[in-house]
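Visitor: Just one file: upload15.cif, with mmCIF, C-alpha atoms.
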```cif
data_protein
loop_
_atom_site.label_atom_id
_atom_site.label_comp_id
_atom_site.auth_asym_id
_atom_site.auth_seq_id
_atom_site.Cartn_x
_atom_site.Cartn_y
_atom_site.Cartn_z
CA ARG D 504 51.98 53.58 203.90
CA PHE D 505 53.63 50.18 203.81
CA PHE D 506 50.37 48.54 204.85
CA GLU D 507 48.45 50.55 202.26
CA ASN D 508 50.90 49.58 199.53
CA ILE D 509 50.50 45.89 200.39
CA LEU D 510 46.73 46.16 199.93
CA LEU D 511 47.12 48.06 196.66
CA SER D 512 49.71 45.74 195.11
CA PRO D 513 48.37 42.81 193.05
CA GLU D 514 51.63 40.96 193.80
CA THR D 515 50.68 40.59 197.46
CA GLU D 516 47.16 39.21 196.91
CA ILE D 517 48.26 35.61 197.32
CA THR D 518 49.29 34.89 200.89
CA GLY D 519 52.78 33.47 200.99
CA LYS D 520 53.85 34.99 197.68
CA ALA D 521 56.16 37.39 199.48
CA PRO D 522 59.87 36.98 198.74
CA LYS D 523 61.78 34.53 200.92
CA VAL D 524 63.14 36.35 203.91
CA PRO D 525 66.58 35.80 205.52
CA LEU D 526 66.65 34.32 209.00
CA SER D 527 68.21 37.35 210.64
CA PRO D 528 69.09 41.00 209.93
CA LEU D 529 72.75 39.99 209.77
CA ASP D 530 71.97 37.81 206.74
CA VAL D 531 70.64 40.89 204.93
CA VAL D 532 74.08 42.53 205.11
CA THR D 533 75.26 40.41 202.18
CA ALA D 534 71.88 39.91 200.49
CA GLU D 535 70.12 41.76 197.72
CA ILE D 536 66.94 43.57 198.76
CA PRO D 537 63.99 42.19 196.72
CA GLU D 538 62.60 44.63 194.16
CA LEU D 539 59.07 44.05 195.43
CA PHE D 540 60.09 45.19 198.92
CA TRP D 541 61.60 48.39 197.51
CA ASP D 542 58.31 48.98 195.66
CA LEU D 543 56.23 48.47 198.80
CA CYS D 544 58.40 50.75 200.94
CA ASP D 545 59.13 54.42 200.59
CA GLY D 546 62.62 54.57 199.07
CA PHE D 547 63.43 57.73 201.00
CA TYR D 548 62.50 55.97 204.25
CA LEU D 549 64.89 53.12 203.50
CA GLU D 550 67.62 55.62 202.68
CA MET D 551 67.06 57.28 206.04
CA VAL D 552 67.21 53.91 207.82
CA GLY D 553 70.63 53.44 206.25
CA LEU D 554 71.67 56.94 207.29
CA LEU D 555 70.63 56.18 210.87
CA GLY D 556 72.87 53.13 210.75
CA ARG D 557 75.81 55.28 209.68
CA ARG D 558 75.10 57.91 212.35
CA THR D 559 74.98 55.15 214.96
CA ALA D 560 78.40 53.95 213.80
CA GLU D 561 79.73 57.51 214.10
CA MET D 562 78.34 57.75 217.64
CA HIS D 563 80.15 54.58 218.70
CA LYS D 564 83.41 55.64 217.07
CA ALA D 565 83.17 58.98 218.89
CA LEU D 566 82.56 57.23 222.23
CA ALA D 567 85.70 55.14 221.68
CA ALA D 568 87.85 57.97 220.32
CA GLU D 569 89.66 58.95 223.55
CA PRO D 570 91.78 55.93 224.56
CA ALA D 571 93.88 58.09 226.88
CA GLU D 572 90.81 59.08 228.89
CA GLU D 573 90.13 56.25 231.35
CA ALA D 574 86.36 56.80 231.40
CA PHE D 575 86.23 56.31 227.62
CA SER D 576 89.16 53.97 227.04
CA PRO D 577 88.06 50.72 225.32
CA GLU D 578 88.54 47.60 227.41
CA PRO D 579 88.97 43.98 226.27
CA PHE D 580 86.44 41.27 226.99
CA SER D 581 87.65 38.72 229.52
CA ARG D 582 86.49 35.25 230.48
CA LEU D 583 85.42 36.62 233.86
CA TYR D 584 83.37 39.35 232.20
CA GLN D 585 81.72 36.86 229.83
CA ARG D 586 80.69 34.66 232.77
CA SER D 587 79.47 37.71 234.68
CA LEU D 588 77.42 38.81 231.69
CA TYR D 589 75.84 35.37 231.45
CA GLN D 590 74.91 35.45 235.14
CA SER D 591 73.17 38.82 234.67
CA LEU D 592 71.25 37.43 231.67
CA ARG D 593 70.30 34.37 233.69
CA SER D 594 69.04 36.55 236.55
CA LEU D 595 66.96 38.64 234.14
CA THR D 596 65.39 35.50 232.67
CA ARG D 597 64.55 34.02 236.06
CA ARG D 598 63.03 37.32 237.19
CA VAL D 599 60.80 37.71 234.13
CA MET D 600 59.81 34.05 234.17
CA SER D 601 58.76 34.39 237.79
CA ALA D 602 56.52 37.34 236.91
CA ALA D 603 55.07 35.47 233.92
CA ARG D 604 53.97 32.47 235.99
CA SER D 605 50.96 34.42 237.22
CA ASN D 606 49.71 34.83 233.64
CA PRO D 607 48.00 31.71 232.21
CA ASP D 608 48.41 33.03 228.67
CA LEU D 609 52.21 32.81 228.86
CA LYS D 610 52.64 29.04 229.06
CA ASP D 611 54.48 29.03 225.74
CA PHE D 612 56.92 31.63 227.05
CA LEU D 613 57.53 29.69 230.27
CA ALA D 614 58.26 26.57 228.24
CA LEU D 615 61.13 28.41 226.53
CA GLU D 616 63.09 29.09 229.71
CA GLU D 617 65.78 26.45 229.24
CA THR D 618 66.11 27.22 225.52
CA ILE D 619 66.61 30.91 226.28
CA LEU D 620 69.22 30.15 228.94
CA GLN D 621 71.01 27.82 226.54
CA ARG D 622 71.22 30.60 223.96
CA PHE D 623 72.50 33.01 226.59
CA SER D 624 75.17 30.50 227.62
CA ARG D 625 76.83 30.91 224.22
CA ILE D 626 78.32 34.12 225.57
CA THR D 627 80.59 31.97 227.78
CA GLY D 628 82.11 30.02 224.87
CA ASP D 629 85.33 31.10 223.20
CA ARG D 630 86.89 34.32 224.37
CA ILE D 631 85.41 37.24 222.49
CA GLU D 632 88.09 39.10 220.57
CA ALA D 633 86.58 42.57 220.77
CA ARG D 634 86.57 45.54 223.10
CA LYS D 635 83.96 47.09 225.32
CA ILE D 636 83.27 50.81 225.10
CA ARG D 637 80.95 53.40 226.58
CA ILE D 638 77.64 53.12 224.75
CA HIS D 639 74.36 55.02 224.58
CA GLY D 640 72.76 52.52 226.94
CA ASP D 641 69.11 53.16 226.10
CA TYR D 642 69.08 53.26 222.32
CA HIS D 643 65.85 53.05 220.33
CA LEU D 644 63.81 55.06 217.84
CA GLY D 645 62.54 57.34 220.59
CA GLN D 646 66.10 58.53 221.18
CA VAL D 647 66.66 59.99 217.71
CA LEU D 648 65.16 63.20 216.33
CA PHE D 649 64.62 63.36 212.56
CA THR D 650 65.36 66.77 211.06
CA GLY D 651 63.90 65.94 207.66
CA ARG D 652 67.31 65.15 206.22
CA ASP D 653 69.35 63.77 209.12
CA PHE D 654 69.22 62.58 212.73
CA VAL D 655 70.15 64.00 216.11
CA ILE D 656 70.83 61.38 218.79
CA ILE D 657 69.61 62.39 222.24
CA ASP D 658 69.49 61.19 225.87
CA LEU D 659 72.95 59.69 226.20
CA GLU D 660 72.65 59.50 229.98
CA GLY D 661 71.79 55.77 229.82
CA GLU D 662 68.88 53.89 231.34
CA PRO D 663 67.14 56.06 233.97
CA GLY D 664 66.60 53.07 236.26
CA ARG D 665 70.32 52.37 236.64
CA THR D 666 72.73 54.03 239.02
CA LEU D 667 75.34 56.46 237.67
CA SER D 668 78.10 53.92 238.25
CA GLU D 669 76.17 51.31 236.26
CA ARG D 670 75.61 53.75 233.41
CA ARG D 671 79.38 54.31 233.16
CA LEU D 672 80.08 50.61 232.62
CA LYS D 673 81.40 49.58 229.21
CA PHE D 674 79.61 47.14 226.96
CA SER D 675 79.69 45.88 223.43
CA PRO D 676 78.11 48.56 221.21
CA LEU D 677 76.06 45.73 219.70
CA ARG D 678 73.86 46.17 222.75
CA ASP D 679 72.82 49.57 221.36
CA VAL D 680 72.37 48.02 217.92
CA ALA D 681 70.11 45.33 219.38
CA GLY D 682 68.02 48.02 221.08
CA MET D 683 67.45 49.75 217.75
CA LEU D 684 66.61 46.51 215.93
CA ARG D 685 64.06 45.63 218.61
CA SER D 686 62.65 49.13 218.17
CA PHE D 687 62.12 48.42 214.46
CA HIS D 688 60.30 45.23 215.42
CA TYR D 689 58.04 47.21 217.74
CA ALA D 690 57.45 49.88 215.10
CA VAL D 691 55.85 47.56 212.58
CA HIS D 692 54.08 45.19 214.99
CA GLY D 693 52.86 48.00 217.25
CA ARG D 694 51.43 49.91 214.29
CA PHE D 695 49.67 46.76 213.15
CA LEU D 696 48.07 46.30 216.58
CA GLU D 697 46.92 49.92 216.55
CA THR D 698 45.46 49.79 213.04
CA VAL D 699 41.96 48.94 214.19
CA GLU D 700 40.39 50.13 210.93
CA VAL D 701 41.88 47.25 208.95
CA ARG D 702 39.32 44.64 207.91
CA PRO D 703 40.01 41.05 209.01
CA GLU D 704 40.66 39.97 205.42
CA ASP D 705 43.09 42.86 204.96
CA ALA D 706 44.83 42.08 208.24
CA ALA D 707 45.39 38.52 207.05
CA ARG D 708 47.02 39.89 203.90
CA ILE D 709 49.27 42.33 205.77
CA GLU D 710 50.39 40.10 208.63
CA PRO D 711 52.81 37.87 206.64
CA TRP D 712 54.71 41.04 205.68
CA LEU D 713 55.36 42.28 209.23
CA HIS D 714 58.31 39.97 209.78
CA ARG D 715 59.70 40.74 206.33
CA TRP D 716 59.56 44.47 207.02
CA TYR D 717 61.42 44.00 210.30
CA ILE D 718 64.14 41.78 208.83
CA TRP D 719 64.82 43.88 205.72
CA VAL D 720 64.68 47.26 207.45
CA SER D 721 66.86 46.02 210.31
CA GLY D 722 69.26 44.52 207.81
CA ILE D 723 69.60 47.79 205.93
CA PHE D 724 70.35 49.57 209.22
CA LEU D 725 72.90 46.92 210.20
CA ARG D 726 74.60 46.91 206.79
CA GLU D 727 75.17 50.65 206.86
CA TYR D 728 76.23 50.51 210.51
CA LEU D 729 78.95 47.95 209.82
CA ASP D 730 80.06 49.72 206.65
CA GLY D 731 80.22 52.99 208.55
CA LEU D 732 82.45 51.49 211.24
CA GLY D 733 85.14 50.14 208.97
CA HIS D 734 87.88 48.39 210.93
CA VAL D 735 87.42 49.02 214.66
CA SER D 736 88.51 47.14 217.75
CA PHE D 737 85.08 46.97 219.38
CA ILE D 738 83.32 44.79 216.77
CA PRO D 739 84.35 41.13 216.32
CA THR D 740 85.92 40.38 212.95
CA GLU D 741 84.58 36.81 212.91
CA ARG D 742 81.01 36.61 211.66
CA GLN D 743 80.04 33.82 214.07
CA THR D 744 81.15 35.83 217.10
CA LEU D 745 79.34 38.88 215.76
CA ALA D 746 76.19 36.80 215.22
CA THR D 747 76.38 35.32 218.73
CA LEU D 748 76.75 38.70 220.42
CA LEU D 749 73.97 40.28 218.40
CA GLN D 750 71.62 37.38 219.05
CA VAL D 751 72.34 37.39 222.79
CA PHE D 752 71.66 41.12 223.10
CA LEU D 753 68.49 40.90 220.96
CA LEU D 754 67.24 38.08 223.16
CA GLU D 755 68.13 40.00 226.32
CA LYS D 756 66.13 42.99 225.12
CA ALA D 757 63.12 40.88 224.12
CA VAL D 758 63.04 39.05 227.47
CA TYR D 759 63.22 42.41 229.26
CA GLU D 760 60.33 43.65 227.09
CA VAL D 761 58.13 40.72 228.16
CA GLY D 762 58.53 41.83 231.77
CA TYR D 763 57.89 45.46 230.86
CA GLU D 764 54.72 44.69 228.92
CA LEU D 765 53.40 42.43 231.67
CA ASN D 766 53.51 45.42 234.02
CA ASN D 767 52.41 48.13 231.61
CA ARG D 768 50.63 46.83 228.46
CA PRO D 769 49.60 43.18 228.82
CA ASP D 770 47.93 43.25 225.40
CA TRP D 771 51.30 44.03 223.82
CA VAL D 772 53.23 41.14 225.35
CA LYS D 773 52.69 39.25 222.09
CA ILE D 774 55.19 41.59 220.38
CA PRO D 775 58.29 40.63 222.42
CA MET D 776 57.02 37.03 222.47
CA GLN D 777 57.09 37.01 218.68
CA GLY D 778 60.52 38.60 218.81
CA ILE D 779 61.84 35.83 221.06
CA LEU D 780 60.53 33.14 218.73
CA THR D 781 62.12 34.89 215.75
CA ILE D 782 65.50 35.08 217.49
CA LEU D 783 65.38 31.45 218.61
CA GLU D 784 64.55 30.31 215.09
CA GLU D 785 67.79 31.75 213.75
CA ASP D 786 70.14 28.98 212.69
CA GLN D 787 73.31 30.27 214.30
#
```
Could you express the structure from this file as structure tokens?

Guide:
Amino acid sequence: RFFENILLSPETEITGKAPKVPLSPLDVVTAEIPELFWDLCDGFYLEMVGLLGRRTAEMHKALAAEPAEEAFSPEPFSRLYQRSLYQSLRSLTRRVMSAARSNPDLKDFLALEETILQRFSRITGDRIEARKIRIHGDYHLGQVLFTGRDFVIIDLEGEPGRTLSERRLKFSPLRDVAGMLRSFHYAVHGRFLETVEVRPEDAARIEPWLHRWYIWVSGIFLREYLDGLGHVSFIPTERQTLATLLQVFLLEKAVYEVGYELNNRPDWVKIPMQGILTILEEDQ
């Protein structure tokens, strides 16, 4: 419906006339949603995106609600953990880059290796003043059931490919948040790839709005998520630390997606590639 509304709206006829978009979903938290975007989207849909953000906050607060239970007791970040996390991100990048070298169409991705590693290295900077908790571990739109008025979150057993001991490890809940934001990115870009009935001239009119949809929808989710949390120990209070963590986990997910698409849907690798470029363009 969003695509249809773009084609029906006279305000979108001129390419580039779309409202200026923030650099990241986090910037939307304190921004005003443009009236034109509200008109192009289903208001009920945007309300439900916000509700999903609040339900996600409630899930994380529930997972951190038993401090006396060792398996669910929040744990502080440590310098050692931050370095260990960076090493795991580095290993993921090297592994995906190695797989990408056999694909001549991924030269641009390969050229980003050092830039990606530099962004990941930010996790080793100042000590992160936040706590780790048990998280969903495999959070995306496919893990929530919509009842028509609310959401039921399912499949909390973590990533199927990990061992049980790995699934019990504690992380920043922003890793779940990043998974959902990447899922929003896939939702709009994947639908665009599948919309084969769109004429080339119509596709050219829609395409500039894909990124805007992702940023504004993700921002609405993130705003309601943070509002729903209130003051908790597992989210950094400093905006810069919050931005760094969120960016690192978004980038981790996008790099992982490149490897996944190379093995399963090579035609879709452009989606995580676009996601990586978007994340790297953020001025953090």

Visitor: Expand the PyMOL selection byres ((chain D and resi 742) around 12) into the individual residues it matches in the shown file, reporting them as a compact mmCIF listing (two decimals) with C-alpha atoms, in the coordinates of the input.

Guide:
```
# COMPACT_ATOMS: atom_id res chain seq x y z
CA LEU D 529 72.75 39.99 209.77
CA ASP D 530 71.97 37.81 206.74
CA VAL D 532 74.08 42.53 205.11
CA THR D 533 75.26 40.41 202.18
CA ILE D 631 85.41 37.24 222.49
CA GLU D 632 88.09 39.10 220.57
CA LEU D 729 78.95 47.95 209.82
CA ILE D 738 83.32 44.79 216.77
CA PRO D 739 84.35 41.13 216.32
CA THR D 740 85.92 40.38 212.95
CA GLU D 741 84.58 36.81 212.91
CA GLN D 743 80.04 33.82 214.07
CA THR D 744 81.15 35.83 217.10
CA LEU D 745 79.34 38.88 215.76
CA ALA D 746 76.19 36.80 215.22
CA THR D 747 76.38 35.32 218.73
CA LEU D 748 76.75 38.70 220.42
CA LEU D 749 73.97 40.28 218.40
CA GLN D 750 71.62 37.38 219.05
CA GLN D 787 73.31 30.27 214.30
```

Visitor: Quick check on the file I pasted: which residues fall under the PyMOL selection byres ((chain D and resi 649-664) around 8)? Write them as a PyMOL selection string.

Guide: chain D and resi 551+554-555+558+639-641+646-648+665-666+670

Visitor: For the file shown, report as a list in words the outcome of the PyMOL selection byres ((chain D and resi 566-576) around 10) at residue level.

Guide: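 On this input, the PyMOL selection byres ((chain D and resi 566-576) around 10) captures Ala560, Glu561, Met562, His563, Lys564, Ala565, Pro577, Glu578, Arg634, Lys635, Ile636, Arg637, Ile638, His639, Arg671, Leu672, Lys673, Pro676, Val735, Ser736 and Phe737 of chain D.
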
Visitor: Just the number, please: distance in Å from CA of Leu511 (chain D) to CA of Asp705 (chain D), one decimal.

Guide: 10.6 Å

Visitor: Please provide as number ranges by chain all residues within 7 Å of His692 (chain D), with the sequence filter that same-chain residues fewer than 3 positions apart are discarded (counting all atoms listed in the file).

Guide: D: 688-689, 695-696, 713, 774

Visitor: Interatomic distance between CA of Gly556 (chain D) and CA of Ile723 (chain D)?

Guide: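 Answer for the CA of Gly556 (chain D) to CA of Ile723 (chain D) separation: 7.9 Å.
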